[in-house]
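S.K.: My structure is in coords_32.pdb, and what it holds is PDB, C-alpha atoms:
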```
MODEL        1
ATOM      1  CA  MET A   1    -179.439  14.386 -76.495
ATOM      2  CA  ARG A   2    -177.843  17.381 -78.223
ATOM      3  CA  LEU A   3    -179.994  19.708 -76.110
ATOM      4  CA  ALA A   4    -178.771  18.025 -72.905
ATOM      5  CA  VAL A   5    -175.119  18.295 -73.956
ATOM      6  CA  ALA A   6    -175.574  21.945 -74.989
ATOM      7  CA  SER A   7    -177.310  22.731 -71.672
ATOM      8  CA  LEU A   8    -174.542  21.043 -69.689
ATOM      9  CA  ALA A   9    -171.852  22.955 -71.609
ATOM     10  CA  LEU A  10    -173.683  26.228 -71.002
ATOM     11  CA  CYS A  11    -173.924  25.487 -67.253
ATOM     12  CA  VAL A  12    -170.183  24.742 -67.061
ATOM     13  CA  LEU A  13    -169.338  28.010 -68.842
ATOM     14  CA  ALA A  14    -171.700  29.987 -66.617
ATOM     15  CA  ALA A  15    -170.262  28.418 -63.456
ATOM     16  CA  ALA A  16    -166.735  29.409 -64.484
ATOM     17  CA  GLU A  17    -167.800  33.087 -64.488
ATOM     18  CA  VAL A  18    -169.300  33.077 -60.956
ATOM     19  CA  THR A  19    -167.033  34.425 -58.210
ATOM     20  CA  ALA A  20    -167.728  35.409 -54.635
ATOM     21  CA  PRO A  21    -167.775  39.175 -54.039
ATOM     22  CA  ARG A  22    -164.742  40.677 -52.334
ATOM     23  CA  VAL A  23    -165.656  42.091 -48.940
ATOM     24  CA  ALA A  24    -162.321  43.535 -47.813
ATOM     25  CA  LEU A  25    -158.523  43.387 -47.895
ATOM     26  CA  VAL A  26    -156.989  42.249 -44.592
ATOM     27  CA  ARG A  27    -153.423  41.985 -43.280
ATOM     28  CA  PHE A  28    -152.657  38.696 -41.553
ATOM     29  CA  ASN A  29    -150.109  37.989 -38.794
ATOM     30  CA  ASP A  30    -147.647  36.518 -41.323
ATOM     31  CA  GLY A  31    -147.471  39.978 -42.994
ATOM     32  CA  SER A  32    -149.524  38.940 -46.012
ATOM     33  CA  VAL A  33    -152.408  40.994 -47.395
ATOM     34  CA  ARG A  34    -155.265  38.799 -48.600
ATOM     35  CA  PRO A  35    -158.757  39.477 -49.916
ATOM     36  CA  LEU A  36    -161.810  38.267 -47.999
ATOM     37  CA  HIS A  37    -164.498  36.962 -50.374
ATOM     38  CA  GLY A  38    -168.137  36.027 -49.750
ATOM     39  CA  THR A  39    -170.557  37.684 -47.395
ATOM     40  CA  PRO A  40    -169.743  38.885 -43.879
ATOM     41  CA  GLY A  41    -171.364  35.793 -42.333
ATOM     42  CA  SER A  42    -169.520  33.376 -44.633
ATOM     43  CA  LEU A  43    -165.998  34.566 -45.422
ATOM     44  CA  ILE A  44    -163.348  32.886 -47.565
ATOM     45  CA  VAL A  45    -159.705  33.971 -47.378
ATOM     46  CA  GLY A  46    -158.029  34.476 -50.769
ATOM     47  CA  GLU A  47    -154.427  34.024 -51.844
ATOM     48  CA  PRO A  48    -151.818  36.621 -50.734
ATOM     49  CA  LEU A  49    -151.652  39.788 -52.823
ATOM     50  CA  LEU A  50    -148.700  41.286 -50.895
ATOM     51  CA  ARG A  51    -146.174  40.041 -48.324
ATOM     52  CA  GLY A  52    -143.986  41.796 -45.759
ATOM     53  CA  ILE A  53    -146.698  44.289 -44.788
ATOM     54  CA  GLU A  54    -146.578  45.767 -41.270
ATOM     55  CA  ALA A  55    -149.784  47.858 -41.441
ATOM     56  CA  LEU A  56    -152.688  48.281 -43.852
ATOM     57  CA  THR A  57    -155.554  50.690 -44.383
ATOM     58  CA  PHE A  58    -158.037  50.175 -47.211
ATOM     59  CA  ASP A  59    -161.386  51.837 -47.918
ATOM     60  CA  GLY A  60    -162.576  49.577 -50.740
ATOM     61  CA  THR A  61    -161.281  51.847 -53.507
ATOM     62  CA  VAL A  62    -157.751  52.809 -52.541
ATOM     63  CA  GLY A  63    -155.448  51.819 -49.723
ATOM     64  CA  GLN A  64    -152.027  52.175 -48.192
ATOM     65  CA  ALA A  65    -149.736  49.466 -46.899
ATOM     66  CA  ARG A  66    -146.589  50.034 -44.840
ATOM     67  CA  THR A  67    -143.505  47.873 -45.188
ATOM     68  CA  ARG A  68    -140.339  48.247 -43.147
ATOM     69  CA  ASP A  69    -139.105  51.110 -45.336
ATOM     70  CA  GLU A  70    -141.898  52.385 -47.609
ATOM     71  CA  ILE A  71    -145.592  53.209 -47.994
ATOM     72  CA  LEU A  72    -147.382  51.463 -50.870
ATOM     73  CA  THR A  73    -150.474  53.015 -52.462
ATOM     74  CA  LEU A  74    -152.907  50.301 -53.589
ATOM     75  CA  ASN A  75    -155.790  50.249 -56.059
ATOM     76  CA  ALA A  76    -159.162  48.529 -55.518
ATOM     77  CA  ASP A  77    -157.660  45.155 -56.526
ATOM     78  CA  GLY A  78    -154.742  45.477 -54.103
ATOM     79  CA  ALA A  79    -152.170  46.156 -56.845
ATOM     80  CA  VAL A  80    -149.360  48.617 -56.043
ATOM     81  CA  LEU A  81    -149.838  52.004 -57.753
ATOM     82  CA  ASP A  82    -147.069  53.962 -56.044
ATOM     83  CA  ARG A  83    -144.175  53.526 -53.599
ATOM     84  CA  THR A  84    -143.065  56.267 -51.184
ATOM     85  CA  PRO A  85    -140.028  55.946 -48.896
ATOM     86  CA  LEU A  86    -140.902  56.270 -45.201
ATOM     87  CA  SER A  87    -140.145  59.552 -43.488
ATOM     88  CA  SER A  88    -140.292  60.190 -39.772
ATOM     89  CA  ASP A  89    -142.533  63.263 -40.203
ATOM     90  CA  ALA A  90    -145.508  61.491 -41.838
ATOM     91  CA  PRO A  91    -148.822  62.746 -40.353
ATOM     92  CA  GLU A  92    -151.015  60.367 -38.380
ATOM     93  CA  GLY A  93    -154.638  59.995 -39.504
ATOM     94  CA  GLU A  94    -157.684  60.158 -37.248
ATOM     95  CA  PRO A  95    -158.708  56.611 -36.207
ATOM     96  CA  LEU A  96    -162.156  55.348 -37.286
ATOM     97  CA  ALA A  97    -162.705  53.609 -33.973
ATOM     98  CA  TYR A  98    -161.061  53.141 -30.611
ATOM     99  CA  ILE A  99    -161.312  50.712 -27.701
ATOM    100  CA  ASP A 100    -162.821  51.885 -24.419
ATOM    101  CA  ASN A 101    -162.870  49.158 -21.750
ATOM    102  CA  ASP A 102    -164.719  46.235 -23.425
ATOM    103  CA  ASP A 103    -166.288  48.295 -26.232
ATOM    104  CA  LEU A 104    -165.307  49.258 -29.764
ATOM    105  CA  VAL A 105    -166.410  52.908 -30.083
ATOM    106  CA  LEU A 106    -167.137  54.119 -33.627
ATOM    107  CA  ARG A 107    -165.808  57.667 -33.904
ATOM    108  CA  ALA A 108    -168.347  58.907 -36.512
ATOM    109  CA  SER A 109    -171.508  57.860 -34.650
ATOM    110  CA  GLY A 110    -170.252  57.345 -31.096
ATOM    111  CA  LYS A 111    -171.973  53.935 -31.140
ATOM    112  CA  ARG A 112    -170.474  51.359 -28.765
ATOM    113  CA  LEU A 113    -170.149  47.702 -29.777
ATOM    114  CA  ARG A 114    -169.392  45.164 -27.025
ATOM    115  CA  LEU A 115    -166.198  43.270 -27.926
ATOM    116  CA  PRO A 116    -166.439  39.467 -27.536
ATOM    117  CA  PHE A 117    -162.765  39.262 -26.462
ATOM    118  CA  ALA A 118    -159.708  41.465 -25.889
ATOM    119  CA  ILE A 119    -158.540  43.304 -29.034
ATOM    120  CA  HIS A 120    -154.959  44.543 -29.488
ATOM    121  CA  ARG A 121    -154.984  45.786 -33.106
ATOM    122  CA  ILE A 122    -157.478  47.644 -35.347
ATOM    123  CA  GLU A 123    -156.926  48.143 -39.096
ATOM    124  CA  ARG A 124    -159.244  49.547 -41.756
ATOM    125  CA  ALA A 125    -160.155  46.785 -44.248
ATOM    126  CA  ALA A 126    -162.790  48.486 -46.460
ATOM    127  CA  SER A 127    -165.000  51.567 -46.401
ATOM    128  CA  GLU A 128    -167.402  50.039 -43.841
ATOM    129  CA  TYR A 129    -165.184  47.360 -42.276
ATOM    130  CA  LEU A 130    -162.404  47.170 -39.708
ATOM    131  CA  ALA A 131    -160.179  44.128 -39.142
ATOM    132  CA  LEU A 132    -159.692  43.449 -35.431
ATOM    133  CA  SER A 133    -156.966  41.171 -34.023
ATOM    134  CA  GLY A 134    -157.261  39.872 -30.506
ATOM    135  CA  SER A 135    -156.616  37.258 -27.878
ATOM    136  CA  GLU A 136    -159.029  34.706 -29.352
ATOM    137  CA  GLY A 137    -158.777  35.369 -33.084
ATOM    138  CA  ARG A 138    -159.678  37.914 -35.718
ATOM    139  CA  LEU A 139    -162.920  39.730 -36.450
ATOM    140  CA  LEU A 140    -164.310  41.803 -39.290
ATOM    141  CA  ALA A 141    -166.322  44.674 -37.789
ATOM    142  CA  CYS A 142    -169.031  46.255 -39.948
ATOM    143  CA  THR A 143    -169.285  49.947 -39.035
ATOM    144  CA  ALA A 144    -172.173  50.911 -41.360
ATOM    145  CA  GLU A 145    -175.031  52.706 -39.614
ATOM    146  CA  GLY A 146    -177.733  50.186 -38.664
ATOM    147  CA  ARG A 147    -175.615  47.167 -39.715
ATOM    148  CA  GLU A 148    -172.980  47.225 -36.963
ATOM    149  CA  ALA A 149    -171.788  43.682 -36.254
ATOM    150  CA  PHE A 150    -168.760  41.422 -35.819
ATOM    151  CA  PHE A 151    -167.925  38.492 -38.110
ATOM    152  CA  ALA A 152    -165.219  35.837 -37.591
ATOM    153  CA  ILE A 153    -162.299  35.923 -40.049
ATOM    154  CA  PRO A 154    -161.178  32.378 -40.922
ATOM    155  CA  GLU A 155    -157.632  31.417 -39.922
ATOM    156  CA  ILE A 156    -155.020  30.677 -42.584
ATOM    157  CA  ALA A 157    -152.361  27.991 -42.513
ATOM    158  CA  GLU A 158    -148.995  29.690 -42.031
TER
ENDMDL
END
```
What would the structure in this file look like if it were written as structure tokens?
M.R.:
Amino acid sequence: MRLAVASLALCVLAAAEVTAPRVALVRFNDGSVRPLHGTPGSLIVGEPLLRGIEALTFDGTVGQARTRDEILTLNADGAVLDRTPLSSDAPEGEPLAYIDNDDLVLRASGKRLRLPFAIHRIERAASEYLALSGSEGRLLACTAEGREAFFAIPEIAE
């Protein structure tokens, strides 16, 4: 009996330590930045880390988020490391991908991925992932060589 109780207690403690891996940080239409946990085929949306965000780029290690009047530098956990007031002369970065007709074209490889529906916004979500917003929902696009694919991002209650 003691062995059964000890085994059960050990299982409960072990289960408390298990968490789904974070895949990306994504900005949602309500302006919140939330982590996506799980695997690309089975995503879970986490609680908001930031609110009032108009744009986000994140490579898995460091990121930047734009609010109405400042740029936030983020660490790998999405915590704010630095705040910089917006200036009108900030340089624009080279996009990782662009839309050409019904395709998402990856700039590095030139590979074309057929979009399942019309996309109106592309944001970098992690080093190998882009968050796409479109007419029929949101997608996470894997851009890694040989693993290119789209995955549905679950909706959140607003």
S.K.: Applied to this file, what does the PyMOL selection byres ((chain A and resi 63-70) around 6) return in terms of residues, put as a VMD selection string?
M.R.: chain A and resid 53 to 58 62 71 to 74 84 to 86
S.K.: Between atom CA of A:His37 and atom CA of A:Pro116, what is the distance, to one decimal in Å?
M.R.: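 Separation between atom CA of A:His37 and atom CA of A:Pro116: 23.1 Å.
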S.K.: Between atom CA of A:Ile99 and atom CA of A:Gly31, what is the distance in Å, rounded to a tenth?
M.R.: 23.3 Å
S.K.: Please indicate the distance in Å from atom CA of A:Phe117 to atom CA of A:Tyr129, rounded to one decimal place.
M.R.: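 Between atom CA of A:Phe117 and atom CA of A:Tyr129 the gap works out to 17.9 Å.
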S.K.: Evaluate the PyMOL selection byres ((chain A and resi 100) around 12) and record the selected residues as a list in words, following the chain and residue labels used in the document.
M.R.: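 In the shown coordinates, the PyMOL selection byres ((chain A and resi 100) around 12) covers Ala97, Tyr98, Ile99, Asn101, Asp102, Asp103, Leu104, Val105, Leu106, Arg107, Gly110, Lys111, Arg112, Leu113, Arg114, Leu115, Ala118, Ile119 and His120 of chain A.
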S.K.: A:Thr19, A:Asn29, A:Ala24, A:Leu50: which is nearest A:Cys142, counting all atoms listed in the file?
M.R.: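 Ranking A:Thr19, A:Asn29, A:Ala24, A:Leu50 by distance to A:Cys142, first place goes to A:Ala24.
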S.K.: Write out as an NGL selection string the residues lying within 9 Å of A:Asp77, counting only C-alpha atoms and excluding same-chain residues fewer than 4 positions away.
M.R.: :A and (25 or 35 or 49 or 60-62)
